Amino acid sequence: MSATPDAVLAELAAKLSPLGRAAEASLEGLDETKAARMALSVLAQAGLCAWTVPHAYGGADSAGLSAPDDVSVRVLCMLRRALAYHSGMLDVMFVLQGLGSYAIARAGTPAQRSEWLPRVARGESIAAFALTEPEAGSDLGGIATRAERRGSTWVLSGGKTFISNCGVADFYTLLARTSGERGDGGKGSLTMFLVPGSAKGLTARRFEVTAPHPIGDLALEAVELDDAQRIGEVGAGLELALSVLGRFRTSVAAAATGFARRALDESLAHLRNRQQFGRPLGAFQGLRFDIAEMDVRLRAAELLVSEAAAAVDRGERASAEVARAKLFATEVASWLCDRAVQHLGGLGVKRGSPVERAWREARALRIYEGTSEVQKLILARELLEGPAED
Ligand SMILES: Cc1cc2nc3c(=O)[nH]c(=O)nc-3n(C[C@H](O)[C@H](O)[C@H](O)COP(=O)(O)OP(=O)(O)OC[C@H]3O[C@@H](n4cnc5c(N)ncnc54)[C@H](O)[C@@H]3O)c2cc1C
């Protein structure tokens, strides 16, 4: 008898807490590359990477939570929330397997799918997604990395920045310009490619961001790719990249609720136990009001995430639901983690404490996969003009 969706979710939930607690302790203090690889191996051993790849292409069976040729956003969200509760590194290494490989699932050739996706699902190949450039962030029409066709070969030159898994990835799904000029909006002029990490002419330079995260710049100097390494149609790259973001963006909101839930739990424990002025801190009304606000806002964020994830899994367009969830959950997480830091006093800024980590982790979520301002633009467009054509 095959599993029901509820049974699938319950089985995953049961293994996540012990796995997260153990990994949290063992990842502590490792250098970033080691931590990234160890996090991936923990995820792979637990079979969790399989949830980032559709069942039809070697991933886990979601028992109807999504179509067989798609990934379930409800499962992605449930996993990211639970992983983020314990470790930002576990969370990011999990989601990048999907974010970096989904373009292949969506539009890859049968050969690309069978070569890469089962390996991603087993955690044997590390994936990355490369869109951003120094002059192209929120506006992907600014992409300048060029792919020129020479017979059956493409020659790619340019540079990417802020690329997660930079230097550790086995392959990048990368957006490059195949026609037009920078600033043309990108529709019809960008194409997605599958670039192996070992490609000649590709160099990675790492840098650090606020929270532990394998990230850096990629330089492409006449990187030669066969036409068989093109993903999807020539000129259809922007739509493909946006469809990847559309599938994964809700899970950023879910990760935000994971960091926030941890911060709230830490706050509650501290306010119950810490005595000042002869009473537990939690007896003071100012802090009690804070806790109530934190609880309500976090619960609202979790409900928006559930609404958006279910809508995307049902195959609905759901742009407004996803934008609402991403905007609200990430902003609430940053605010809530900051309140938790305040509740813990000096301990809140002690490097490596759970609340200090959550506070740093939550910040970048308001920026990547569409900033808060971009989510507001999407939501306002949906409300004022109705669904866009794209
Ligand atoms: C930790 C981290 C991981 C990342 N990982 C990846 C990755 O794996 N792959 C990848 O391709 N990219 C990645 N990025 C890049 C990320 O997607 C970009 O940083 C993001 O899209 C914003 O682009 P930008 O930084 O160029 O900011 P800009 O687009 O220059 O924006 C700067 C500010 O202006 C605001 N703004 C921009 N346009 C408007 C407007 N029209 N109206 C109002 N405000 C506006 C923005 O909201 C922002 O506050 C990552 C970034 C971070 C921080």
# chains A, B, ... in the order shown; residues from 1 in each chain; ligands from 1
call {"tool": "select_by_dssp", "arguments": {"residues": "range 20-262 of chain A", "states": "alpha helix (DSSP H)", "output": "number ranges by chain"}}
result
A: 20-27, 32-45, 73-86, 88-107, 110-121, 237-262
call {"tool": "residues_near_ligand", "arguments": {"ligand": "ligand 1", "cutoff": "6 Å", "atoms": "only C-alpha atoms and all ligand atoms", "output": "PyMOL selection string"}}
result
chain A and resi 129-132+136-138+162-164+364+367-374
call {"tool": "residues_around", "arguments": {"residues": "Ser306 in chain A", "least_positions_apart": "3", "cutoff": "9 Å", "atoms": "only C-alpha atoms", "output": "number ranges by chain"}}
result
A: 74, 77, 250, 254, 301-303, 309-311, 325
call {"tool": "residues_around", "arguments": {"residues": "range 334-348 of chain A", "least_positions_apart": "5", "cutoff": "8 Å", "atoms": "only C-alpha atoms", "output": "list of chain:residue names"}}
result
A:Phe259, A:Ala260, A:Ala263, A:Leu264, A:Glu266, A:Ser267, A:His270, A:Leu271, A:Leu287, A:Asp290, A:Met294, A:Ser353, A:Val355, A:Glu356, A:Ala358, A:Trp359, A:Ala362, A:Arg363
call {"tool": "select_by_dssp", "arguments": {"residues": "range 29-140 of chain A", "states": "strand (DSSP E or B)", "output": "list in words"}}
result
Ala127, Ala128, Phe129, Ala130, Glu133 and Ala136 of chain A
call {"tool": "residues_around", "arguments": {"residues": "Gly235 in chain A", "least_positions_apart": "2", "cutoff": "6 Å", "atoms": "only C-alpha atoms", "output": "list in words"}}
result
Gly188, Ser189, Leu190, Thr191 and Gly237 of chain A
call {"tool": "closest_atom_pairs", "arguments": {"of": "range 116-189 of chain A", "to": "range 32-43 of chain A", "cutoff": "12 Å", "atoms": "only C-alpha atoms", "output": "tab-separated table"}}
result
residue	atom	partner	partner_atom	distance
A:Val120	CA	A:Leu40	CA	10.5
A:Ala121	CA	A:Leu43	CA	10.2
A:Arg122	CA	A:Leu43	CA	9.1
A:Gly123	CA	A:Leu40	CA	6.5
A:Glu124	CA	A:Ser41	CA	8.6
A:Ser125	CA	A:Leu40	CA	9.9
A:Ile126	CA	A:Leu40	CA	8.5
A:Ala127	CA	A:Leu40	CA	11.1
A:Ser164	CA	A:Ala36	CA	10.8
A:Asn165	CA	A:Ala36	CA	8.5
A:Cys166	CA	A:Thr33	CA	10.2
A:Gly167	CA	A:Thr33	CA	9.1
A:Val168	CA	A:Thr33	CA	7.4
A:Ala169	CA	A:Arg37	CA	10.3
call {"tool": "write_last_selection", "arguments": {"atoms": "N, CA, C and O atoms", "output": "PDB file, in the first residue's frame"}}
result
ATOM      1  N   VAL A 120      21.953  14.356  -7.789  1.00  0.00           N
ATOM      2  CA  VAL A 120      21.548  15.441  -6.865  1.00  0.00           C
ATOM      3  C   VAL A 120      20.676  14.857  -5.763  1.00  0.00           C
ATOM      4  O   VAL A 120      20.846  15.158  -4.578  1.00  0.00           O
ATOM      5  N   ALA A 121      19.738  13.989  -6.154  1.00  0.00           N
ATOM      6  CA  ALA A 121      18.798  13.398  -5.175  1.00  0.00           C
ATOM      7  C   ALA A 121      19.528  12.549  -4.132  1.00  0.00           C
ATOM      8  O   ALA A 121      19.077  12.443  -2.997  1.00  0.00           O
ATOM      9  N   ARG A 122      20.653  11.957  -4.525  1.00  0.00           N
ATOM     10  CA  ARG A 122      21.430  11.149  -3.553  1.00  0.00           C
ATOM     11  C   ARG A 122      22.477  11.994  -2.823  1.00  0.00           C
ATOM     12  O   ARG A 122      23.216  11.474  -1.985  1.00  0.00           O
ATOM     13  N   GLY A 123      22.579  13.259  -3.172  1.00  0.00           N
ATOM     14  CA  GLY A 123      23.578  14.128  -2.523  1.00  0.00           C
ATOM     15  C   GLY A 123      24.986  13.864  -3.031  1.00  0.00           C
ATOM     16  O   GLY A 123      25.965  14.274  -2.405  1.00  0.00           O
ATOM     17  N   GLU A 124      25.105  13.245  -4.211  1.00  0.00           N
ATOM     18  CA  GLU A 124      26.445  12.949  -4.755  1.00  0.00           C
ATOM     19  C   GLU A 124      26.970  14.081  -5.632  1.00  0.00           C
ATOM     20  O   GLU A 124      28.172  14.181  -5.868  1.00  0.00           O
ATOM     21  N   SER A 125      26.060  14.893  -6.176  1.00  0.00           N
ATOM     22  CA  SER A 125      26.467  16.073  -6.952  1.00  0.00           C
ATOM     23  C   SER A 125      25.886  17.306  -6.279  1.00  0.00           C
ATOM     24  O   SER A 125      24.722  17.309  -5.871  1.00  0.00           O
ATOM     25  N   ILE A 126      26.709  18.358  -6.185  1.00  0.00           N
ATOM     26  CA  ILE A 126      26.266  19.602  -5.542  1.00  0.00           C
ATOM     27  C   ILE A 126      25.843  20.597  -6.629  1.00  0.00           C
ATOM     28  O   ILE A 126      26.570  20.816  -7.605  1.00  0.00           O
ATOM     29  N   ALA A 127      24.662  21.185  -6.440  1.00  0.00           N
ATOM     30  CA  ALA A 127      24.088  22.069  -7.449  1.00  0.00           C
ATOM     31  C   ALA A 127      24.185  23.536  -7.036  1.00  0.00           C
ATOM     32  O   ALA A 127      24.248  23.845  -5.843  1.00  0.00           O
ATOM     33  N   SER A 164      25.633  31.216  -4.418  1.00  0.00           N
ATOM     34  CA  SER A 164      25.715  30.238  -3.328  1.00  0.00           C
ATOM     35  C   SER A 164      26.281  28.931  -3.880  1.00  0.00           C
ATOM     36  O   SER A 164      25.985  28.545  -5.009  1.00  0.00           O
ATOM     37  N   ASN A 165      27.061  28.270  -3.066  1.00  0.00           N
ATOM     38  CA  ASN A 165      27.778  27.037  -3.451  1.00  0.00           C
ATOM     39  C   ASN A 165      28.902  27.296  -4.451  1.00  0.00           C
ATOM     40  O   ASN A 165      29.425  26.358  -5.069  1.00  0.00           O
ATOM     41  N   CYS A 166      29.271  28.565  -4.595  1.00  0.00           N
ATOM     42  CA  CYS A 166      30.384  28.924  -5.470  1.00  0.00           C
ATOM     43  C   CYS A 166      31.650  28.182  -5.018  1.00  0.00           C
ATOM     44  O   CYS A 166      32.011  28.237  -3.842  1.00  0.00           O
ATOM     45  N   GLY A 167      32.258  27.501  -5.952  1.00  0.00           N
ATOM     46  CA  GLY A 167      33.497  26.795  -5.637  1.00  0.00           C
ATOM     47  C   GLY A 167      33.298  25.415  -5.043  1.00  0.00           C
ATOM     48  O   GLY A 167      34.230  24.622  -5.037  1.00  0.00           O
ATOM     49  N   VAL A 168      32.112  25.103  -4.548  1.00  0.00           N
ATOM     50  CA  VAL A 168      31.874  23.722  -4.069  1.00  0.00           C
ATOM     51  C   VAL A 168      30.929  22.971  -5.005  1.00  0.00           C
ATOM     52  O   VAL A 168      30.817  21.753  -4.936  1.00  0.00           O
ATOM     53  N   ALA A 169      30.268  23.700  -5.917  1.00  0.00           N
ATOM     54  CA  ALA A 169      29.265  23.065  -6.778  1.00  0.00           C
ATOM     55  C   ALA A 169      29.905  22.177  -7.842  1.00  0.00           C
ATOM     56  O   ALA A 169      30.969  22.494  -8.379  1.00  0.00           O
TER      57      ALA A 169
END
call {"tool": "atom_distance", "arguments": {"atom1": "CA of Ala222 in chain A", "atom2": "CA of Ala236 in chain A"}}
result
22.1 Å
call {"tool": "residues_around", "arguments": {"residues": "Leu175 in chain A", "least_positions_apart": "2", "cutoff": "10 Å", "atoms": "only C-alpha atoms", "output": "VMD selection string"}}
result
chain A and resid 129 to 132 140 143 to 147 160 172 to 173 177 to 178 190 to 194 231 237 to 238 240 to 241
call {"tool": "residues_around", "arguments": {"residues": "Gly88 in chain A", "least_positions_apart": "6", "cutoff": "10 Å", "atoms": "only C-alpha atoms", "output": "ChimeraX atom specification"}}
result
/A:24,39,80,94,211-213,255,258-259,357-358,360-362
call {"tool": "atom_distance", "arguments": {"atom1": "CA of Val155 in chain A", "atom2": "CA of Gly246 in chain A"}}
result
28.8 Å
call {"tool": "atom_distance", "arguments": {"atom1": "CA of Ser17 in chain A", "atom2": "CA of Ala82 in chain A"}}
result
7.3 Å
call {"tool": "closest_residue", "arguments": {"among": "A:Gly185, A:Gly282, A:Gly180, A:Gly315", "to": "Ala269 in chain A", "atoms": "only C-alpha atoms"}}
result
A:Gly282
call {"tool": "closest_residue", "arguments": {"among": "A:Ala67, A:Ala13, A:Ala320, A:Leu202", "to": "Ala219 in chain A", "atoms": "only C-alpha atoms"}}
result
A:Leu202
